[in-house]
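Q: Structure: my_file.txt, compact mmCIF, C-alpha atoms and all ligand atoms.
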```
# COMPACT_ATOMS: atom_id res chain seq x y z
CA MET A 1 3.14 -50.16 3.65
CA ASN A 2 5.08 -52.02 0.96
CA ALA A 3 5.95 -50.47 -2.38
CA GLY A 4 3.33 -52.52 -4.28
CA ALA A 5 0.50 -51.11 -2.15
CA ARG A 6 1.55 -47.51 -2.69
CA ARG A 7 -0.81 -45.30 -4.61
CA LYS A 8 1.00 -44.27 -7.79
CA LEU A 9 0.29 -40.75 -8.89
CA ASP A 10 1.33 -38.79 -11.94
CA PHE A 11 1.80 -35.60 -9.90
CA LEU A 12 2.25 -34.79 -6.25
CA ILE A 13 1.77 -31.05 -5.63
CA VAL A 14 3.01 -29.37 -2.45
CA GLY A 15 0.83 -26.37 -1.48
CA GLN A 16 -2.85 -25.67 -2.12
CA GLY A 17 -2.77 -21.91 -2.49
CA LEU A 18 -4.03 -20.42 -5.72
CA ALA A 19 -0.96 -21.73 -7.62
CA GLY A 20 -1.23 -25.37 -6.46
CA SER A 21 -5.04 -25.31 -6.81
CA LEU A 22 -5.11 -24.03 -10.39
CA LEU A 23 -2.26 -26.27 -11.51
CA ALA A 24 -4.07 -29.28 -9.99
CA TRP A 25 -7.31 -28.19 -11.72
CA ARG A 26 -5.53 -28.04 -15.10
CA LEU A 27 -3.67 -31.35 -14.68
CA ILE A 28 -6.73 -33.26 -13.46
CA HIS A 29 -8.74 -31.94 -16.42
CA ARG A 30 -6.01 -33.29 -18.66
CA GLY A 31 -6.49 -36.78 -17.23
CA GLN A 32 -3.64 -36.81 -14.70
CA ARG A 33 -3.72 -38.53 -11.32
CA VAL A 34 -2.89 -35.77 -8.85
CA THR A 35 -2.67 -35.40 -5.09
CA VAL A 36 -2.10 -32.05 -3.35
CA LEU A 37 -0.49 -31.87 0.10
CA ASP A 38 -1.18 -28.79 2.20
CA ASP A 39 -0.64 -28.04 5.87
CA GLY A 40 -4.08 -26.45 6.31
CA HIS A 41 -3.12 -23.16 4.61
CA ARG A 42 -0.85 -22.38 7.55
CA THR A 43 0.98 -19.62 5.64
CA ALA A 44 -1.21 -19.22 2.55
CA SER A 45 -1.07 -15.71 1.11
CA SER A 46 -4.02 -16.76 -1.06
CA LYS A 47 -6.13 -17.04 2.10
CA VAL A 48 -5.67 -13.36 2.96
CA ALA A 49 -5.12 -11.68 -0.43
CA ALA A 50 -7.69 -9.09 -1.48
CA GLY A 51 -7.59 -10.55 -4.98
CA LEU A 52 -7.31 -7.20 -6.71
CA ILE A 53 -6.92 -7.51 -10.47
CA ASN A 54 -4.91 -4.61 -11.83
CA PRO A 55 -3.20 -5.01 -15.21
CA LEU A 56 -1.31 -1.67 -14.91
CA ALA A 57 1.05 -2.03 -11.99
CA GLY A 58 3.13 0.53 -10.16
CA MET A 59 3.70 4.25 -10.37
CA ARG A 60 4.42 4.20 -14.11
CA PHE A 61 1.36 2.14 -15.06
CA ASN A 62 3.64 -0.40 -16.70
CA ARG A 63 2.24 -3.56 -18.10
CA SER A 64 3.63 -6.92 -19.12
CA PRO A 65 3.60 -7.75 -22.84
CA PHE A 66 1.47 -10.77 -21.80
CA VAL A 67 -1.25 -8.78 -20.09
CA HIS A 68 -3.95 -9.38 -22.70
CA ARG A 69 -3.26 -13.12 -22.64
CA TRP A 70 -3.42 -13.08 -18.83
CA LEU A 71 -6.79 -11.33 -18.95
CA GLU A 72 -8.17 -13.68 -21.57
CA GLU A 73 -7.03 -16.77 -19.67
CA LEU A 74 -8.24 -15.54 -16.29
CA GLU A 75 -11.74 -14.99 -17.67
CA ARG A 76 -11.72 -18.48 -19.17
CA CYS A 77 -10.25 -20.18 -16.08
CA TYR A 78 -12.35 -18.45 -13.40
CA GLY A 79 -15.38 -18.83 -15.71
CA GLU A 80 -14.83 -22.62 -15.73
CA LEU A 81 -14.50 -22.66 -11.95
CA GLU A 82 -17.62 -20.52 -11.54
CA GLU A 83 -19.58 -22.90 -13.71
CA ALA A 84 -18.37 -25.90 -11.69
CA ALA A 85 -19.13 -24.16 -8.37
CA GLY A 86 -22.39 -22.51 -9.44
CA ARG A 87 -21.34 -19.19 -7.97
CA PRO A 88 -19.23 -16.18 -8.98
CA PHE A 89 -15.58 -15.75 -7.98
CA LEU A 90 -14.49 -13.00 -10.35
CA HIS A 91 -16.03 -9.58 -9.73
CA PRO A 92 -15.28 -7.02 -12.46
CA GLN A 93 -15.22 -3.45 -11.09
CA ALA A 94 -13.83 -0.29 -12.63
CA MET A 95 -10.90 1.27 -10.79
CA VAL A 96 -10.34 4.95 -10.11
CA ARG A 97 -6.59 5.47 -10.31
CA LEU A 98 -5.33 8.54 -8.47
CA PHE A 99 -2.14 10.33 -9.51
CA ARG A 100 0.23 10.61 -6.56
CA SER A 101 2.06 13.61 -8.02
CA PRO A 102 1.44 16.04 -10.89
CA GLY A 103 4.27 14.39 -12.87
CA GLN A 104 2.62 10.97 -12.86
CA ALA A 105 0.13 12.07 -15.50
CA ARG A 106 2.81 11.74 -18.17
CA PHE A 107 2.93 7.96 -17.63
CA TYR A 108 -0.82 7.85 -18.23
CA GLU A 109 -0.41 9.89 -21.43
CA ARG A 110 2.33 7.56 -22.62
CA ARG A 111 0.14 4.51 -22.04
CA ALA A 112 -2.91 6.19 -23.58
CA ALA A 113 -0.91 6.67 -26.81
CA VAL A 114 -0.63 2.87 -27.26
CA ALA A 115 -3.59 1.77 -29.36
CA GLU A 116 -3.70 -1.81 -28.07
CA ASP A 117 -4.07 -0.56 -24.47
CA GLY A 118 -7.29 1.28 -25.29
CA ASP A 119 -9.35 -1.41 -23.51
CA LEU A 120 -7.41 -0.85 -20.25
CA LEU A 121 -7.83 2.89 -19.95
CA GLY A 122 -10.76 5.20 -19.45
CA LYS A 123 -10.80 9.00 -19.36
CA ARG A 124 -8.42 11.17 -17.38
CA PHE A 125 -10.06 13.44 -14.81
CA ALA A 126 -8.99 16.77 -13.32
CA PRO A 127 -7.99 17.34 -9.66
CA GLU A 128 -10.88 16.67 -7.27
CA ALA A 129 -13.13 15.46 -10.11
CA ALA A 130 -12.88 11.69 -9.55
CA GLY A 131 -16.63 11.22 -9.38
CA GLU A 132 -16.12 9.42 -6.05
CA PRO A 133 -15.85 10.77 -2.49
CA VAL A 134 -12.05 10.58 -2.45
CA HIS A 135 -9.16 13.04 -2.26
CA ALA A 136 -7.70 13.46 -5.72
CA PRO A 137 -5.40 16.50 -5.51
CA HIS A 138 -3.54 15.62 -8.73
CA GLY A 139 -6.42 14.10 -10.69
CA GLY A 140 -6.28 10.60 -12.12
CA PHE A 141 -7.98 8.34 -14.61
CA LEU A 142 -10.43 5.53 -14.88
CA GLN A 143 -9.04 2.07 -15.40
CA ARG A 144 -10.91 -0.81 -17.03
CA ARG A 145 -10.61 -4.59 -17.03
CA THR A 146 -10.02 -4.43 -13.27
CA GLY A 147 -11.87 -6.06 -10.41
CA HIS A 148 -11.30 -8.58 -7.67
CA LEU A 149 -11.25 -12.31 -7.20
CA ASP A 150 -13.03 -13.74 -4.17
CA LEU A 151 -10.02 -15.82 -3.18
CA PRO A 152 -11.29 -17.24 0.13
CA ALA A 153 -14.41 -18.54 -1.63
CA LEU A 154 -12.40 -19.95 -4.52
CA LEU A 155 -9.93 -21.70 -2.23
CA GLN A 156 -12.77 -23.17 -0.21
CA PHE A 157 -14.38 -24.50 -3.38
CA MET A 158 -11.08 -25.97 -4.60
CA THR A 159 -10.52 -27.64 -1.22
CA ARG A 160 -13.92 -29.34 -1.45
CA TRP A 161 -13.44 -30.21 -5.14
CA LEU A 162 -10.06 -31.84 -4.51
CA GLU A 163 -11.34 -33.63 -1.39
CA SER A 164 -14.29 -35.04 -3.31
CA ARG A 165 -11.76 -36.72 -5.65
CA GLY A 166 -9.56 -37.96 -2.83
CA ALA A 167 -6.92 -35.59 -4.24
CA LEU A 168 -6.12 -33.52 -1.12
CA ARG A 169 -4.16 -34.45 1.98
CA ARG A 170 -4.06 -32.02 4.88
CA GLN A 171 -0.57 -32.68 6.13
CA PRO A 172 2.81 -31.00 6.07
CA PHE A 173 5.30 -32.00 3.43
CA ASP A 174 8.64 -32.87 5.04
CA HIS A 175 11.51 -32.24 2.63
CA ALA A 176 13.81 -34.52 4.64
CA ARG A 177 11.46 -37.46 4.03
CA LEU A 178 11.45 -37.23 0.25
CA GLU A 179 12.99 -40.16 -1.61
CA ILE A 180 13.95 -39.54 -5.21
CA THR A 181 14.68 -42.44 -7.56
CA ALA A 182 15.18 -42.59 -11.32
CA GLN A 183 11.50 -43.52 -11.82
CA ALA A 184 9.61 -41.77 -9.03
CA VAL A 185 9.46 -39.61 -5.92
CA ARG A 186 8.14 -40.93 -2.61
CA HIS A 187 6.83 -39.14 0.45
CA GLY A 188 5.47 -41.56 3.03
CA GLU A 189 2.85 -43.67 1.36
CA LEU A 190 2.58 -41.38 -1.66
CA GLU A 191 4.51 -42.19 -4.80
CA ALA A 192 4.43 -40.03 -7.90
CA THR A 193 6.18 -39.69 -11.21
CA HIS A 194 6.58 -35.94 -10.66
CA LEU A 195 6.57 -33.51 -7.75
CA VAL A 196 5.66 -29.82 -8.15
CA PHE A 197 6.43 -27.34 -5.39
CA CYS A 198 3.84 -24.54 -4.97
CA GLU A 199 4.78 -23.51 -1.45
CA GLY A 200 4.29 -19.75 -1.70
CA PHE A 201 6.98 -17.66 0.04
CA ARG A 202 8.24 -20.76 1.90
CA GLY A 203 9.65 -21.83 -1.46
CA LYS A 204 12.65 -19.71 -0.43
CA ASP A 205 13.66 -22.52 1.99
CA ASN A 206 13.19 -25.36 -0.49
CA PRO A 207 16.48 -27.31 -0.35
CA TRP A 208 16.42 -28.22 -4.08
CA PHE A 209 15.67 -24.71 -5.33
CA ALA A 210 17.62 -22.81 -2.70
CA LYS A 211 19.37 -20.23 -4.87
CA LEU A 212 16.36 -18.62 -6.44
CA PRO A 213 16.11 -14.87 -5.73
CA PHE A 214 12.96 -14.73 -3.64
CA ALA A 215 12.13 -11.33 -2.15
CA PRO A 216 9.18 -12.19 0.15
CA ASP A 217 7.06 -9.20 0.98
CA LYS A 218 4.84 -9.12 4.05
CA GLY A 219 1.57 -7.26 3.57
CA GLU A 220 -1.08 -6.11 6.00
CA PHE A 221 -4.56 -4.83 5.27
CA LEU A 222 -7.75 -3.86 7.11
CA ILE A 223 -11.24 -5.27 6.82
CA LEU A 224 -13.83 -2.54 7.34
CA GLU A 225 -17.56 -2.33 7.63
CA GLY A 226 -19.32 0.39 5.64
CA LEU A 227 -21.59 2.32 8.03
CA ALA A 228 -22.82 4.68 5.32
CA PRO A 229 -22.14 3.18 1.87
CA GLU A 230 -23.62 6.26 0.14
CA ARG A 231 -20.65 8.27 1.44
CA LEU A 232 -18.09 5.70 0.25
CA PRO A 233 -16.63 4.94 -3.19
CA ARG A 234 -18.59 2.55 -5.40
CA ARG A 235 -15.59 1.72 -7.55
CA ILE A 236 -12.17 0.48 -6.49
CA VAL A 237 -9.98 3.46 -5.63
CA ASN A 238 -6.24 3.15 -5.90
CA GLY A 239 -3.69 5.79 -4.93
CA ALA A 240 -0.95 5.39 -2.32
CA HIS A 241 -3.41 2.89 -0.76
CA TRP A 242 -6.39 1.11 -2.26
CA LEU A 243 -9.94 0.59 -1.05
CA LEU A 244 -12.21 -2.08 -2.42
CA ARG A 245 -15.74 -3.15 -1.70
CA HIS A 246 -15.37 -6.92 -1.51
CA ALA A 247 -17.92 -9.48 -2.69
CA ASP A 248 -18.68 -10.24 0.98
CA GLY A 249 -20.04 -6.68 1.40
CA ARG A 250 -17.15 -5.50 3.56
CA TYR A 251 -14.34 -3.18 2.48
CA ARG A 252 -10.65 -4.02 2.20
CA LEU A 253 -8.03 -1.33 2.67
CA GLY A 254 -4.49 -2.21 1.67
CA ALA A 255 -1.71 -2.71 1.83
CA THR A 256 1.67 -2.42 3.51
CA HIS A 257 5.03 -3.80 2.36
CA ASP A 258 7.76 -5.20 4.59
CA HIS A 259 10.67 -7.31 3.31
CA HIS A 260 12.15 -8.02 6.75
CA ARG A 261 9.50 -9.29 9.14
CA LEU A 262 8.23 -12.41 7.37
CA ASP A 263 5.44 -13.64 9.60
CA PRO A 264 1.68 -13.60 9.08
CA LEU A 265 0.99 -11.45 12.17
CA PRO A 266 -0.79 -8.07 12.05
CA THR A 267 1.11 -5.25 13.80
CA PRO A 268 0.07 -1.96 15.48
CA GLU A 269 2.41 -0.06 13.09
CA GLY A 270 0.71 -1.66 10.10
CA ARG A 271 -2.68 -0.62 11.40
CA GLU A 272 -1.54 2.95 12.06
CA ALA A 273 -0.06 3.29 8.57
CA LEU A 274 -3.25 1.97 6.97
CA GLU A 275 -5.55 4.16 9.06
CA ALA A 276 -3.48 7.23 8.14
CA GLY A 277 -3.64 6.12 4.48
CA LEU A 278 -7.43 5.81 4.70
CA LYS A 279 -7.74 9.42 5.87
CA ARG A 280 -5.66 10.61 2.93
CA LEU A 281 -7.70 8.50 0.51
CA VAL A 282 -11.40 8.99 1.27
CA ARG A 283 -13.45 12.02 2.24
CA HIS A 284 -15.47 10.19 4.89
CA PRO A 285 -13.23 7.80 6.82
CA GLU A 286 -15.79 7.95 9.67
CA ALA A 287 -18.18 6.01 7.37
CA LEU A 288 -16.00 2.91 7.89
CA ARG A 289 -15.56 0.84 11.03
CA LEU A 290 -12.60 -1.45 11.63
CA VAL A 291 -13.61 -5.11 11.84
CA ASP A 292 -10.35 -6.98 11.41
CA GLN A 293 -6.71 -6.70 10.44
CA GLN A 294 -4.90 -9.42 8.51
CA ALA A 295 -1.42 -10.13 7.23
CA GLY A 296 0.40 -12.55 4.98
CA VAL A 297 3.59 -12.86 2.97
CA ARG A 298 3.60 -12.36 -0.80
CA PRO A 299 5.82 -14.82 -2.71
CA SER A 300 7.64 -12.01 -4.53
CA THR A 301 10.89 -12.28 -6.46
CA ALA A 302 13.81 -9.90 -7.03
CA ASP A 303 12.91 -9.26 -10.69
CA ARG A 304 9.13 -9.40 -10.02
CA LYS A 305 8.65 -12.32 -12.41
CA PRO A 306 7.43 -15.83 -11.58
CA LEU A 307 9.66 -18.87 -11.07
CA LEU A 308 8.65 -21.81 -13.25
CA GLY A 309 10.54 -24.88 -14.32
CA THR A 310 12.31 -28.12 -13.57
CA HIS A 311 15.39 -28.84 -11.49
CA PRO A 312 18.48 -28.91 -13.76
CA ARG A 313 19.66 -32.35 -12.50
CA LEU A 314 16.57 -33.88 -10.88
CA PRO A 315 14.01 -34.05 -13.70
CA ARG A 316 11.18 -35.22 -11.40
CA LEU A 317 11.24 -32.03 -9.31
CA HIS A 318 9.45 -28.91 -10.54
CA PHE A 319 8.74 -25.42 -9.26
CA PHE A 320 5.67 -23.21 -9.79
CA ASN A 321 5.94 -20.11 -7.67
CA GLY A 322 6.97 -16.44 -7.42
CA PHE A 323 3.62 -14.84 -8.30
CA GLY A 324 4.24 -11.89 -6.01
CA ALA A 325 1.44 -9.37 -5.59
CA HIS A 326 -0.47 -10.33 -8.75
CA GLY A 327 -1.29 -14.03 -8.52
CA SER A 328 -5.00 -13.58 -9.23
CA LEU A 329 -4.16 -11.99 -12.58
CA THR A 330 -1.28 -14.20 -13.67
CA ILE A 331 -1.62 -17.70 -12.20
CA PRO A 332 -4.38 -18.92 -14.60
CA TRP A 333 -2.18 -18.29 -17.68
CA TYR A 334 1.00 -19.63 -16.13
CA ALA A 335 -0.81 -22.75 -14.84
CA GLU A 336 -1.77 -23.52 -18.43
CA ARG A 337 1.83 -22.96 -19.61
CA MET A 338 3.16 -25.11 -16.75
CA ALA A 339 0.79 -27.96 -17.63
CA ASP A 340 1.96 -27.73 -21.28
CA TRP A 341 5.57 -27.93 -20.12
CA LEU A 342 5.01 -30.85 -17.74
CA LEU A 343 2.90 -32.91 -20.13
CA HIS A 344 4.28 -32.03 -23.57
CA GLY A 345 7.64 -30.33 -22.96
CA ARG A 346 6.38 -27.10 -24.59
CA PRO A 347 8.88 -24.39 -23.66
CA LEU A 348 7.92 -22.13 -20.78
CA PRO A 349 7.76 -18.36 -21.35
CA GLU A 350 11.35 -17.01 -21.26
CA GLU A 351 10.76 -14.35 -18.61
CA ALA A 352 9.41 -16.89 -16.09
CA ARG A 353 11.90 -19.73 -16.57
CA LEU A 354 14.15 -20.72 -13.65
CA GLN A 355 17.07 -20.93 -16.10
CA ARG A 356 17.31 -17.14 -16.23
CA PHE A 357 19.24 -17.46 -12.95
CA ALA A 358 21.54 -20.26 -14.16
CA ASN A 359 24.69 -18.08 -14.24
C1 LIG B 401 -1.63 -8.89 2.23
C2 LIG B 401 -1.60 -9.44 0.84
C3 LIG B 401 -2.39 -8.84 -0.12
C4 LIG B 401 -2.39 -9.37 -1.42
N1 LIG B 401 -3.20 -8.79 -2.34
C5 LIG B 401 -3.27 -9.31 -3.58
C6 LIG B 401 -4.16 -8.77 -4.53
O1 LIG B 401 -4.89 -7.83 -4.26
N2 LIG B 401 -4.19 -9.34 -5.78
C7 LIG B 401 -3.41 -10.42 -6.10
O2 LIG B 401 -3.48 -10.91 -7.24
N3 LIG B 401 -2.54 -10.94 -5.21
C8 LIG B 401 -2.45 -10.42 -3.97
N4 LIG B 401 -1.59 -10.95 -3.08
C9 LIG B 401 -0.66 -12.00 -3.54
C10 LIG B 401 -1.32 -13.36 -3.67
O3 LIG B 401 -1.69 -13.77 -2.40
C11 LIG B 401 -0.33 -14.34 -4.31
O4 LIG B 401 0.11 -13.88 -5.58
C12 LIG B 401 -0.93 -15.74 -4.53
O5 LIG B 401 -2.01 -15.97 -3.69
C13 LIG B 401 0.15 -16.77 -4.29
O6 LIG B 401 -0.39 -18.05 -4.30
P1 LIG B 401 0.53 -19.32 -4.03
O7 LIG B 401 -0.32 -20.50 -4.21
O8 LIG B 401 1.78 -19.22 -4.85
O9 LIG B 401 1.03 -19.19 -2.52
P2 LIG B 401 0.19 -19.38 -1.15
O10 LIG B 401 -1.18 -18.85 -1.27
O11 LIG B 401 1.04 -18.81 -0.06
O12 LIG B 401 0.07 -20.96 -0.98
C14 LIG B 401 1.12 -21.81 -0.57
C15 LIG B 401 0.51 -22.95 0.23
O13 LIG B 401 1.51 -23.92 0.48
C16 LIG B 401 1.41 -24.36 1.83
N5 LIG B 401 2.73 -24.92 2.19
C17 LIG B 401 3.93 -24.31 2.11
N6 LIG B 401 4.90 -25.16 2.51
C18 LIG B 401 4.29 -26.35 2.82
C19 LIG B 401 4.74 -27.62 3.30
N7 LIG B 401 6.04 -27.87 3.54
N8 LIG B 401 3.82 -28.60 3.50
C20 LIG B 401 2.49 -28.39 3.25
N9 LIG B 401 2.01 -27.20 2.81
C21 LIG B 401 2.90 -26.20 2.60
C22 LIG B 401 1.03 -23.08 2.57
O14 LIG B 401 0.49 -23.29 3.86
C23 LIG B 401 -0.01 -22.53 1.60
O15 LIG B 401 -1.29 -23.10 1.83
C24 LIG B 401 -1.57 -10.48 -1.76
C25 LIG B 401 -0.80 -11.08 -0.77
C26 LIG B 401 -0.81 -10.57 0.52
C27 LIG B 401 0.00 -11.26 1.57
```
What would the structure in this file look like if it were written as structure tokens?
A:
Amino acid sequence: MNAGARRKLDFLIVGQGLAGSLLAWRLIHRGQRVTVLDDGHRTASSKVAAGLINPLAGMRFNRSPFVHRWLEELERCYGELEEAAGRPFLHPQAMVRLFRSPGQARFYERRAAVAEDGDLLGKRFAPEAAGEPVHAPHGGFLQRRTGHLDLPALLQFMTRWLESRGALRRQPFDHARLEITAQAVRHGELEATHLVFCEGFRGKDNPWFAKLPFAPDKGEFLILEGLAPERLPRRIVNGAHWLLRHADGRYRLGATHDHHRLDPLPTPEGREALEAGLKRLVRHPEALRLVDQQAGVRPSTADRKPLLGTHPRLPRLHFFNGFGAHGSLTIPWYAERMADWLLHGRPLPEEARLQRFAN
């Protein structure tokens, strides 16, 4: 094909996980000509993620200063997608948070003293008084503004939506085939003014962004059928492991962490660890039957913050990645910020900029 016959795009996006999908959604709604390349979700963590939305992460119930903006934007963004699809993707559900030691309660008390976090926290409960059939030897508290995103359904919708606009190609992107000129980037017959990489954990091997401190984190989880739902928790329960009743009616039990074995294959050790965790979590593990075990690799980073920005010397190449274990919560807000940066040069949030690793 000669250069004149090439289809000129504003943006070529590599990867149609949640990050590439939501960035494409934003850019197309702002009038941009976009094509997304994806290799059939070969390594998509978005395809397997449980989609848990938990604004208070970790043992200390820390939160980002941006958490209220994330929550506001996710409701707006998933609301727009739900309206376009005519079906729900976001499923709000309260979360029962279980203390893992007696000392952990002090982190709850510290958070409860912050007036602006009042919407995130419910009441603390005493040991074994969770109001759910779970083991709660140290008590816990109720968390609000939590839930889960039906990621497989959302990805499927986005695939169809992009295809219906001729904006999705199911093919691998080959870094060695990329031509970069002063005016454009070219990959085969595709020519674009800009290229954005949204490759998930495989971003660690991107030759133009090679030095970024990725810390990919393999995770495994179980899919379970509820044989006696009346003996199982109605709300999300979250202690050393979490259990969630998914929109598809089945339960998800997660998750493991492994920074060494970076493949999407379930393992017998992962299953054993999760089954042991289930017994410690719920009173009636026999009320659940194993249906499936899945695995994927989270695109996590060393400082647990996303990686957004433009190559320092190649201004046509951009990066939108590093959403770790919380993409469902954070990607909607960062996709909006990324679109503002790409289209209007509005500065990206400091904590997510690639430049923080410049030295
Ligand atoms: C087990 C597990 C549980 C999780 N649980 C949760 C959870 O409860 N809540 C939550 O918010 N997050 C969770 N996550 C994390 C969540 O999956 C991520 O934050 C988010 O989905 C990342 O999206 P992404 O688009 O950046 O990456 P991905 O979803 O990995 O998408 C990248 C895409 O790019 C494609 N690709 C890569 N390289 C190429 C190439 N060269 N050519 C073509 N295509 C390419 C891949 O095949 C893939 O489709 C979990 C992850 C795992 C693994």
Q: Would you mind listing the residues within 7 Å of ligand LIG 401 (chain B), counting all atoms listed in the file, as number ranges by chain?
A: A: 14-20, 37-53, 171-174, 198-202, 218-221, 255, 295-299, 321-329
Q: Compare A:Gly122, A:Pro266, A:Pro312, A:Pro133 by their minimum atom-to-atom distance to A:Trp208, counting all atoms listed in the file, and give me the closest one.
A: A:Pro312
Q: Can you tell me how far atom CA of A:Pro264 sits from atom CA of A:Asp292, in Å to one decimal?
A: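 That distance, rounded to one decimal, is 13.9 Å.
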Q: Would you pick out the contacts of A:Gly239 at 10 Å or less, using all atoms listed in the file, so that residues sharing its chain but fewer than 6 positions from it are not included, and give the list as a compact mmCIF listing (two decimals) with C-alpha atoms, in the frame of the given file?
A:
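Output contents, as saved in out.txt:
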```txt
# COMPACT_ATOMS: atom_id res chain seq x y z
CA MET A 59 3.70 4.25 -10.37
CA VAL A 96 -10.34 4.95 -10.11
CA ARG A 97 -6.59 5.47 -10.31
CA LEU A 98 -5.33 8.54 -8.47
CA PHE A 99 -2.14 10.33 -9.51
CA ARG A 100 0.23 10.61 -6.56
CA VAL A 134 -12.05 10.58 -2.45
CA HIS A 135 -9.16 13.04 -2.26
CA ALA A 136 -7.70 13.46 -5.72
CA GLY A 140 -6.28 10.60 -12.12
CA GLY A 277 -3.64 6.12 4.48
CA ARG A 280 -5.66 10.61 2.93
CA LEU A 281 -7.70 8.50 0.51
```
Q: One decimal, Å: what's the distance from atom CA of A:Glu230 over to atom CA of A:Val291, could you say?
A: 19.1 Å
